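See below for structure-v8.cif, which holds mmCIF, C-alpha atoms.
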data_my_file
#
loop_
_atom_site.label_atom_id
_atom_site.label_comp_id
_atom_site.auth_asym_id
_atom_site.auth_seq_id
_atom_site.Cartn_x
_atom_site.Cartn_y
_atom_site.Cartn_z
CA MET A 22 -6.61 15.06 -4.88
CA LYS A 23 -9.11 12.25 -5.11
CA ILE A 24 -7.14 9.00 -5.29
CA CYS A 25 -8.30 5.38 -5.37
CA VAL A 26 -5.80 2.58 -4.73
CA TYR A 27 -6.97 -0.53 -6.54
CA GLY A 28 -5.54 -3.34 -4.45
CA ALA A 29 -4.93 -2.72 -0.75
CA GLY A 30 -2.14 -5.22 -0.19
CA ALA A 31 1.31 -4.39 1.14
CA ILE A 32 2.39 -1.78 -1.42
CA GLY A 33 -1.09 -0.45 -2.15
CA GLY A 34 -1.96 -0.26 1.51
CA LEU A 35 1.20 1.69 2.32
CA MET A 36 0.55 4.14 -0.51
CA ALA A 37 -3.07 4.60 0.50
CA ALA A 38 -2.24 5.19 4.16
CA TRP A 39 0.52 7.72 3.57
CA LEU A 40 -1.37 9.60 0.84
CA SER A 41 -4.28 9.85 3.25
CA ARG A 42 -1.95 11.18 5.94
CA ALA A 43 -0.82 13.85 3.46
CA GLY A 44 -4.38 15.14 3.18
CA HIS A 45 -5.68 13.53 0.00
CA GLU A 46 -9.15 11.99 -0.34
CA VAL A 47 -8.12 8.33 -0.51
CA SER A 48 -10.16 5.20 -1.05
CA VAL A 49 -9.20 1.58 -1.70
CA ILE A 50 -10.66 -1.33 -3.59
CA ALA A 51 -10.18 -4.45 -1.49
CA ARG A 52 -11.65 -7.93 -1.06
CA GLY A 53 -12.39 -10.48 1.63
CA ALA A 54 -10.74 -10.31 5.03
CA GLN A 55 -8.62 -7.32 3.99
CA LEU A 56 -11.74 -5.31 3.13
CA GLU A 57 -13.51 -6.29 6.35
CA ALA A 58 -10.50 -5.41 8.52
CA ILE A 59 -10.02 -1.98 6.91
CA GLN A 60 -13.71 -1.17 7.21
CA ARG A 61 -13.73 -2.27 10.84
CA GLU A 62 -10.42 -0.96 12.21
CA GLY A 63 -8.92 1.25 9.52
CA LEU A 64 -5.73 0.65 7.59
CA ARG A 65 -2.92 0.04 10.09
CA VAL A 66 0.72 0.61 9.15
CA ARG A 67 3.72 -0.58 11.14
CA SER A 68 6.84 1.45 10.38
CA LYS A 69 9.96 2.26 12.40
CA GLY A 70 8.66 0.51 15.50
CA SER A 71 5.26 2.19 15.74
CA THR A 72 1.78 1.47 14.39
CA GLN A 73 -0.61 4.09 13.04
CA SER A 74 -4.20 3.62 11.94
CA PHE A 75 -5.62 5.48 8.95
CA ARG A 76 -9.29 5.82 8.15
CA VAL A 77 -9.67 5.34 4.41
CA ARG A 78 -12.83 4.40 2.61
CA ALA A 79 -12.72 0.76 1.56
CA GLU A 80 -15.11 -0.80 -0.97
CA SER A 81 -15.24 -3.88 -3.16
CA ASP A 82 -17.49 -2.17 -5.72
CA ALA A 83 -15.91 0.63 -7.75
CA THR A 84 -19.32 2.06 -8.66
CA LYS A 85 -19.65 3.29 -5.06
CA LEU A 86 -16.58 5.52 -5.43
CA GLY A 87 -17.02 7.22 -8.79
CA PRO A 88 -14.44 9.01 -10.98
CA GLN A 89 -11.05 9.79 -9.46
CA ASP A 90 -8.15 12.11 -10.21
CA TYR A 91 -5.79 9.15 -9.97
CA VAL A 92 -6.20 5.38 -9.75
CA LEU A 93 -3.17 3.51 -8.43
CA VAL A 94 -3.27 -0.10 -9.64
CA THR A 95 -1.21 -2.14 -7.18
CA VAL A 96 -2.57 -5.68 -7.69
CA LYS A 97 -0.52 -8.70 -8.74
CA ALA A 98 -0.52 -9.46 -12.48
CA GLN A 99 -2.89 -12.42 -12.10
CA SER A 100 -5.57 -10.03 -10.79
CA LEU A 101 -5.40 -7.63 -13.75
CA PRO A 102 -8.27 -9.24 -15.73
CA GLY A 103 -10.55 -8.37 -12.82
CA VAL A 104 -9.28 -4.79 -12.90
CA ALA A 105 -10.11 -4.55 -16.61
CA GLU A 106 -13.68 -5.64 -15.93
CA THR A 107 -14.39 -3.29 -13.01
CA ILE A 108 -12.23 -0.15 -13.26
CA ALA A 109 -14.51 1.86 -15.58
CA PRO A 110 -16.55 3.63 -12.83
CA LEU A 111 -13.29 5.10 -11.44
CA LEU A 112 -12.26 6.65 -14.76
CA GLY A 113 -13.36 10.16 -15.61
CA GLU A 114 -12.29 12.10 -18.68
CA ASP A 115 -9.02 13.26 -17.07
CA THR A 116 -8.30 10.36 -14.70
CA SER A 117 -4.70 9.13 -14.68
CA VAL A 118 -3.81 5.50 -13.91
CA MET A 119 -0.54 4.63 -12.19
CA THR A 120 0.60 1.00 -12.37
CA ALA A 121 2.77 0.06 -9.39
CA MET A 122 3.51 -3.64 -9.68
CA ASN A 123 6.22 -6.18 -10.40
CA GLY A 124 7.07 -7.59 -13.79
CA VAL A 125 6.45 -6.33 -17.30
CA PRO A 126 3.37 -4.07 -17.56
CA TRP A 127 0.86 -4.84 -20.29
CA TRP A 128 1.53 -1.42 -21.90
CA PHE A 129 5.29 -2.00 -22.09
CA PHE A 130 5.70 -1.73 -25.88
CA HIS A 131 3.62 1.44 -26.26
CA GLY A 132 6.50 3.88 -25.91
CA LEU A 133 9.23 1.84 -27.59
CA LYS A 134 10.57 2.47 -31.08
CA GLY A 135 10.81 -1.26 -31.71
CA PRO A 136 7.90 -3.72 -31.80
CA ASP A 137 4.42 -2.41 -31.14
CA ALA A 138 2.85 -5.59 -29.90
CA ARG A 139 0.34 -6.62 -27.28
CA LEU A 140 1.52 -9.23 -24.79
CA GLU A 141 -1.12 -11.93 -24.83
CA SER A 142 0.20 -13.52 -21.63
CA LEU A 143 -0.38 -10.25 -19.74
CA ASP A 144 -3.36 -8.82 -21.65
CA PRO A 145 -5.46 -11.72 -22.97
CA GLY A 146 -7.66 -10.57 -25.82
CA GLY A 147 -6.59 -6.95 -25.30
CA ARG A 148 -9.08 -6.36 -22.48
CA LEU A 149 -6.71 -4.23 -20.40
CA SER A 150 -5.68 -2.10 -23.35
CA ARG A 151 -9.32 -1.38 -24.13
CA ALA A 152 -10.25 -0.71 -20.49
CA ILE A 153 -7.29 1.59 -19.72
CA SER A 154 -5.91 3.64 -22.60
CA THR A 155 -2.15 4.03 -22.51
CA GLU A 156 -2.56 7.81 -22.69
CA ARG A 157 -3.74 7.65 -19.06
CA ILE A 158 -0.73 5.64 -17.83
CA VAL A 159 2.03 6.59 -15.43
CA GLY A 160 4.42 3.74 -14.66
CA CYS A 161 5.86 3.22 -11.19
CA VAL A 162 8.79 0.97 -10.28
CA ILE A 163 8.88 0.02 -6.59
CA HIS A 164 12.10 -0.16 -4.60
CA LEU A 165 10.81 -0.79 -1.09
CA ALA A 166 9.75 -3.80 0.93
CA ALA A 167 6.45 -4.25 2.74
CA SER A 168 4.26 -7.15 3.82
CA THR A 169 0.78 -7.88 5.18
CA PRO A 170 1.25 -9.94 8.37
CA GLU A 171 -2.51 -9.95 9.01
CA PRO A 172 -5.66 -8.51 7.40
CA GLY A 173 -5.78 -4.73 7.53
CA VAL A 174 -2.14 -4.44 8.64
CA VAL A 175 0.80 -3.35 6.49
CA SER A 176 4.36 -3.75 7.73
CA HIS A 177 6.77 -1.30 6.09
CA ASN A 178 10.04 -3.20 6.27
CA MET A 179 12.59 -1.15 4.36
CA GLY A 180 13.07 1.38 1.56
CA LEU A 181 11.07 4.37 0.33
CA LYS A 182 12.08 4.71 -3.33
CA LEU A 183 9.60 4.95 -6.19
CA ILE A 184 10.58 5.65 -9.82
CA VAL A 185 7.82 7.12 -11.99
CA GLY A 186 7.42 8.05 -15.63
CA GLU A 187 5.14 7.79 -18.65
CA PRO A 188 5.59 5.29 -21.51
CA GLY A 189 8.11 6.60 -23.99
CA GLY A 190 9.45 9.23 -21.60
CA ARG A 191 7.05 12.01 -22.57
CA ASN A 192 6.27 13.02 -19.00
CA SER A 193 3.40 15.42 -18.57
CA ALA A 194 1.61 17.17 -15.74
CA ARG A 195 -0.06 13.88 -14.78
CA THR A 196 3.34 12.47 -13.79
CA ARG A 197 4.55 15.62 -12.05
CA ARG A 198 1.39 15.87 -9.91
CA ILE A 199 1.43 12.30 -8.63
CA ALA A 200 5.19 12.45 -8.08
CA GLN A 201 4.73 15.53 -5.90
CA ALA A 202 1.85 13.92 -4.00
CA LEU A 203 3.90 10.79 -3.27
CA THR A 204 6.91 12.87 -2.25
CA THR A 205 4.83 14.89 0.18
CA ALA A 206 3.39 11.63 1.52
CA GLY A 207 6.87 10.48 2.55
CA PHE A 208 8.22 8.47 -0.39
CA GLU A 209 11.51 9.11 -2.16
CA VAL A 210 10.34 9.72 -5.73
CA VAL A 211 12.49 9.86 -8.85
CA VAL A 212 10.94 11.00 -12.16
CA THR A 213 12.52 9.30 -15.17
CA GLN A 214 12.29 9.66 -18.93
CA ALA A 215 13.20 5.98 -19.30
CA ILE A 216 10.60 4.10 -17.26
CA GLU A 217 10.98 1.00 -19.47
CA LYS A 218 14.66 0.76 -18.53
CA GLU A 219 13.78 1.06 -14.82
CA PHE A 220 11.20 -1.72 -15.15
CA TRP A 221 13.85 -3.90 -16.77
CA VAL A 222 16.42 -3.26 -14.03
CA LYS A 223 13.82 -4.30 -11.46
CA LEU A 224 12.81 -7.27 -13.64
CA LEU A 225 16.33 -8.72 -13.51
CA GLY A 226 15.89 -9.26 -9.79
CA ASN A 227 12.22 -10.21 -9.92
CA VAL A 228 12.65 -12.94 -12.54
CA SER A 229 15.59 -14.51 -10.74
CA PHE A 230 15.25 -13.97 -7.00
CA ASN A 231 11.46 -14.36 -6.69
CA PRO A 232 10.95 -17.81 -8.24
CA VAL A 233 14.22 -19.23 -6.92
CA SER A 234 13.41 -18.07 -3.40
CA ALA A 235 9.98 -19.71 -3.63
CA LEU A 236 11.44 -22.98 -4.96
CA THR A 237 14.06 -23.12 -2.22
CA VAL A 238 12.00 -21.44 0.55
CA THR A 239 15.04 -19.28 1.17
CA THR A 240 15.67 -15.62 1.91
CA ALA A 241 17.54 -13.47 -0.59
CA ASP A 242 20.75 -13.23 1.42
CA GLN A 243 21.01 -17.02 1.57
CA LEU A 244 20.52 -17.29 -2.19
CA ILE A 245 23.40 -14.88 -2.73
CA ALA A 246 25.63 -16.76 -0.28
CA ASN A 247 25.09 -20.07 -2.13
CA GLN A 248 27.60 -19.95 -5.02
CA GLU A 249 25.79 -22.52 -7.19
CA VAL A 250 22.43 -20.80 -6.79
CA LYS A 251 23.94 -17.38 -7.34
CA ALA A 252 25.60 -18.59 -10.55
CA TYR A 253 22.22 -19.89 -11.78
CA MET A 254 20.57 -16.54 -11.09
CA VAL A 255 23.38 -14.70 -12.89
CA GLU A 256 22.69 -16.79 -16.02
CA ILE A 257 19.00 -15.87 -15.83
CA MET A 258 19.90 -12.19 -15.49
CA ARG A 259 22.13 -12.41 -18.57
CA GLU A 260 19.23 -13.85 -20.56
CA VAL A 261 16.85 -11.15 -19.36
CA LEU A 262 19.41 -8.47 -20.26
CA ALA A 263 19.67 -9.93 -23.77
CA ILE A 264 15.87 -10.01 -24.16
CA GLY A 265 15.60 -6.36 -23.18
CA ARG A 266 18.37 -5.25 -25.53
CA ALA A 267 16.68 -7.10 -28.40
CA VAL A 268 13.60 -4.90 -28.05
CA GLY A 269 15.46 -1.65 -27.45
CA VAL A 270 15.62 -1.62 -23.65
CA ASP A 271 19.15 -1.76 -22.25
CA ALA A 272 19.11 -2.08 -18.45
CA ASP A 273 22.81 -1.16 -18.58
CA ILE A 274 23.69 -3.00 -15.40
CA ASP A 275 25.97 -5.96 -14.72
CA PRO A 276 24.34 -8.97 -13.00
CA GLU A 277 26.79 -8.67 -10.12
CA ALA A 278 25.77 -5.04 -9.62
CA ARG A 279 22.09 -6.07 -9.67
CA ILE A 280 22.83 -8.73 -7.04
CA ASP A 281 24.57 -6.05 -4.96
CA MET A 282 21.28 -4.09 -4.97
CA ALA A 283 19.58 -7.08 -3.36
CA ARG A 284 22.51 -7.71 -1.02
CA ALA A 285 22.15 -4.18 0.35
CA LEU A 286 18.63 -5.05 1.55
CA GLY A 287 19.97 -7.76 3.83
CA ARG A 288 17.84 -10.71 4.95
CA PHE A 289 14.41 -10.47 3.35
CA LYS A 290 11.73 -12.70 1.90
CA THR A 291 10.72 -11.98 -1.68
CA SER A 292 7.07 -11.26 -2.38
CA MET A 293 6.70 -14.63 -4.13
CA LEU A 294 8.05 -16.48 -1.10
CA GLN A 295 5.64 -14.55 1.12
CA ASP A 296 2.75 -15.51 -1.18
CA LEU A 297 3.87 -19.15 -1.24
CA GLU A 298 3.91 -19.36 2.55
CA ALA A 299 0.54 -17.58 2.79
CA GLY A 300 -1.10 -19.96 0.31
CA LYS A 301 -1.80 -17.16 -2.18
CA PRO A 302 -1.58 -17.42 -6.00
CA LEU A 303 1.96 -16.83 -7.24
CA GLU A 304 2.85 -13.99 -9.60
CA ILE A 305 4.35 -16.25 -12.25
CA ASP A 306 2.89 -14.92 -15.49
CA GLY A 307 3.62 -11.27 -14.76
CA LEU A 308 7.29 -12.06 -14.14
CA LEU A 309 8.14 -15.05 -16.31
CA ALA A 310 5.47 -15.67 -18.95
CA GLY A 311 5.53 -12.04 -20.10
CA THR A 312 9.32 -11.98 -20.24
CA LEU A 313 9.47 -15.21 -22.23
CA GLU A 314 6.76 -13.98 -24.63
CA ILE A 315 8.95 -10.97 -25.37
CA ALA A 316 11.91 -13.33 -25.88
CA ARG A 317 9.95 -15.31 -28.47
CA LYS A 318 8.87 -12.15 -30.29
CA ALA A 319 12.49 -10.98 -30.37
CA GLY A 320 13.95 -14.36 -31.32
CA VAL A 321 16.10 -14.60 -28.19
CA ARG A 322 16.80 -18.00 -26.62
CA ALA A 323 16.41 -18.12 -22.83
CA PRO A 324 16.83 -21.74 -21.64
CA TYR A 325 17.64 -20.90 -18.02
CA THR A 326 14.58 -18.67 -17.71
CA GLU A 327 12.41 -21.26 -19.45
CA SER A 328 13.51 -23.97 -17.05
CA LEU A 329 12.81 -21.73 -14.08
CA TYR A 330 9.34 -20.96 -15.48
CA GLY A 331 8.58 -24.67 -15.77
CA LEU A 332 9.86 -25.45 -12.28
CA ILE A 333 8.03 -22.69 -10.40
CA ARG A 334 4.83 -23.33 -12.35
CA ALA A 335 4.94 -27.02 -11.43
CA ARG A 336 5.65 -26.12 -7.79
CA ALA A 337 2.72 -23.72 -7.63
CA GLN A 338 0.34 -26.08 -9.41
CA SER A 339 1.11 -28.77 -6.85
CA THR A 340 -0.44 -26.60 -4.13
CA GLY A 341 -3.16 -24.95 -6.24
CA GLN A 342 -1.34 -21.62 -6.33
CA TYR A 343 -1.22 -21.25 -10.11
CA ARG A 344 -3.91 -21.52 -12.75
#
Written as structure tokens, how would this file's structure read?
Amino acid sequence: MKICVYGAGAIGGLMAAWLSRAGHEVSVIARGAQLEAIQREGLRVRSKGSTQSFRVRAESDATKLGPQDYVLVTVKAQSLPGVAETIAPLLGEDTSVMTAMNGVPWWFFHGLKGPDARLESLDPGGRLSRAISTERIVGCVIHLAASTPEPGVVSHNMGLKLIVGEPGGRNSARTRRIAQALTTAGFEVVVTQAIEKEFWVKLLGNVSFNPVSALTVTTADQLIANQEVKAYMVEIMREVLAIGRAVGVDADIDPEARIDMARALGRFKTSMLQDLEAGKPLEIDGLLAGTLEIARKAGVRAPYTESLYGLIRARAQSTGQYR
């Protein structure tokens, strides 16, 4: 298949490299030093003690690539407005778009029986909804860890699991085809009829661990070991569970069980802590602003989550890592 990965960071780079290895025609949209490194030396992946280089076409201009069978959007939420403005040349009549990113996706309410509302914090003015119709969407929840230690290099640290499904659970051939392609590429893929629930399970950890780790400059295992910090994160998880249930999405998991999922990964830096240390913009709106907007729509109070939002936003603004 012809596949373009929009955003060649850690997750996108790993997907692009392994899909290329599986024989697909893969290209990436990248910027700056990442683009230059991939064009010069290929996309290099470190995994299980060895490094492989993959030659994938890398461009900054989508018009040079043309319509695709699939576009995998793997950027951080703060980069989505740019995707809305530039993705059109990649979209043919039958192109599918997979979103593989943290937080609440802008299309989250499309398949729910409850509120049918656009999230202004994630889709200002409805630009994303107009640029990418929800009928094209396949959601992807990521349960693996990767990083970009230097431009053009992806370090696969742990995990292989991807959970995929279409909004509302009406999975079609578009989901089955990309699931098979990712499986053949080496990922452990689960197809679900409840992708919203899977996003919410992941969100419990993202909303708590990511900002707290950035505020404390601490790895996940240390956060769990600190009883006061762990108790704070449990309260945030309880709020996020309540927000989900209010809009018809029950993650159906106890906070302690969700913490156990993180504990099983051992000592690792969250993506927000990695971005903080690298001086990159922090993914605050995609994780916290969107969640709190849903809380307001549903009439759910979330004081712990609100305080965390204020703290991490102030921290990021102090170093120019949040706009």
So which residues are close to (19.7, -14.1, -7.5), meaning at most 7 Å away in the file's coordinates with only C-alpha atoms counted, and can you show them as a PDB file with C-alpha atoms, keeping the file's coordinate frame?
ATOM      1  CA  GLY A 226      15.890  -9.260  -9.790  1.00  0.00           C
ATOM      2  CA  SER A 229      15.590 -14.510 -10.740  1.00  0.00           C
ATOM      3  CA  PHE A 230      15.250 -13.970  -7.000  1.00  0.00           C
ATOM      4  CA  LEU A 244      20.520 -17.290  -2.190  1.00  0.00           C
ATOM      5  CA  ILE A 245      23.400 -14.880  -2.730  1.00  0.00           C
ATOM      6  CA  LYS A 251      23.940 -17.380  -7.340  1.00  0.00           C
ATOM      7  CA  MET A 254      20.570 -16.540 -11.090  1.00  0.00           C
ATOM      8  CA  VAL A 255      23.380 -14.700 -12.890  1.00  0.00           C
ATOM      9  CA  ILE A 280      22.830  -8.730  -7.040  1.00  0.00           C
TER      10      ILE A 280
END
Mind checking which residues fall within 6 Å of Thr169 in chain A, counting only C-alpha atoms, ignoring those fewer than 5 positions away in the same chain, and posting them as a PyMOL selection string?
-> chain A and resi 31+174-175
Kindly resolve the PyMOL selection byres ((chain A and resi 120) around 12) on the present coordinates and return the residues as a PyMOL selection string.
-> chain A and resi 26-28+32-33+91-98+101+104+117-119+121-129+153+155+157-163+183-188+196+199+216+220
Could you work out how far CA of Gly44 in chain A lies from CA of Ala200 in chain A, giving the answer in Å with one decimal?
-> 15.0 Å
Give as a list of chain:residue names the residues that the PyMOL selection byres ((chain A and resi 105) around 8) matches when applied to the coordinates above.
->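 Applied to this file, the PyMOL selection byres ((chain A and resi 105) around 8) returns A:Leu101, A:Pro102, A:Gly103, A:Val104, A:Glu106, A:Thr107, A:Ile108, A:Ala109, A:Arg148, A:Leu149, A:Ala152, A:Ile153.
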Carefully work through the PyMOL selection byres ((chain A and resi 315-321) around 12) for this structure and note down the residues it includes, as a PyMOL selection string.
-> chain A and resi 125-127+129-130+135-143+259-270+307-314+322-324+326-327
State, in Å with one decimal place, the distance from CA of Asp296 in chain A to CA of Ala58 in chain A.
->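 CA of Ala58 in chain A lies 19.3 Å from CA of Asp296 in chain A.
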List the residues sitting within 10 Å of (-0.4, 0.5, 13.6) in the file's frame, using all atoms listed in the file, as a list in words.
-> Gly63, Leu64, Arg65, Val66, Arg67, Ser68, Gly70, Ser71, Thr72, Gln73, Ser74, Phe75, Gly173, Val174, Val175 and Ser176 of chain A
Using only C-alpha atoms, please write the residues we just selected to a file, as a PDB file, in the frame of the given file.
ATOM      1  CA  GLY A  63      -8.920   1.250   9.520  1.00  0.00           C
ATOM      2  CA  LEU A  64      -5.730   0.650   7.590  1.00  0.00           C
ATOM      3  CA  ARG A  65      -2.920   0.040  10.090  1.00  0.00           C
ATOM      4  CA  VAL A  66       0.720   0.610   9.150  1.00  0.00           C
ATOM      5  CA  ARG A  67       3.720  -0.580  11.140  1.00  0.00           C
ATOM      6  CA  SER A  68       6.840   1.450  10.380  1.00  0.00           C
ATOM      7  CA  GLY A  70       8.660   0.510  15.500  1.00  0.00           C
ATOM      8  CA  SER A  71       5.260   2.190  15.740  1.00  0.00           C
ATOM      9  CA  THR A  72       1.780   1.470  14.390  1.00  0.00           C
ATOM     10  CA  GLN A  73      -0.610   4.090  13.040  1.00  0.00           C
ATOM     11  CA  SER A  74      -4.200   3.620  11.940  1.00  0.00           C
ATOM     12  CA  PHE A  75      -5.620   5.480   8.950  1.00  0.00           C
ATOM     13  CA  GLY A 173      -5.780  -4.730   7.530  1.00  0.00           C
ATOM     14  CA  VAL A 174      -2.140  -4.440   8.640  1.00  0.00           C
ATOM     15  CA  VAL A 175       0.800  -3.350   6.490  1.00  0.00           C
ATOM     16  CA  SER A 176       4.360  -3.750   7.730  1.00  0.00           C
TER      17      SER A 176
END
Pick from A:Ser328, A:Ser292, A:Ser193, A:Gln201 nearest to Val238 in chain A, counting only C-alpha atoms =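 Of all the options, A:Ser292 lies closest to Val238 in chain A.
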May I ask for the distance between CA of Glu219 in chain A and CA of Arg151 in chain A, given in Å to one decimal place?
-> 25.0 Å
For Ile24 in chain A, which residue out of A:Leu165, A:Met36, A:Met258, A:Ala299 is the nearest one, using all atoms listed in the file?
->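 Nearest candidate to Ile24 in chain A out of A:Leu165, A:Met36, A:Met258, A:Ala299: A:Met36.
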Find the residue from A:Ala246, A:Val77, A:Ile50, A:Leu35 that sits nearest to Ala167 in chain A; use only C-alpha atoms when measuring.
->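 Between A:Ala246, A:Val77, A:Ile50, A:Leu35, the residue approaching Ala167 in chain A most closely is A:Leu35.
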Work out where the centre of an axis-aligned box around every listed atom of range 291-303 of chain A lies and how long its edges are once 4 Å is added on each side; give both in Å to one decimal as AutoDock Vina command-line options.
--center_x 4.5 --center_y -15.6 --center_z -2.2 --size_x 20.5 --size_y 16.7 --size_z 18.0
Selected residue, from A:Ala272, A:Ile305, A:Met293, A:Cys25, that lies nearest to Glu217 in chain A when counting all atoms listed in the file |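 Checking each of A:Ala272, A:Ile305, A:Met293, A:Cys25 against Glu217 in chain A, counting all atoms listed in the file, the winner is A:Ala272.
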Measuring atom to atom with all atoms listed in the file, identify which of A:Glu304, A:Ala43, A:Arg76, A:Val228 is nearest to Thr204 in chain A.
-> A:Ala43
Could you tell me which of A:Gln60, A:Arg52, A:Gly87, A:Tyr325 comes closest to Thr116 in chain A if we count only C-alpha atoms?
-> A:Gly87
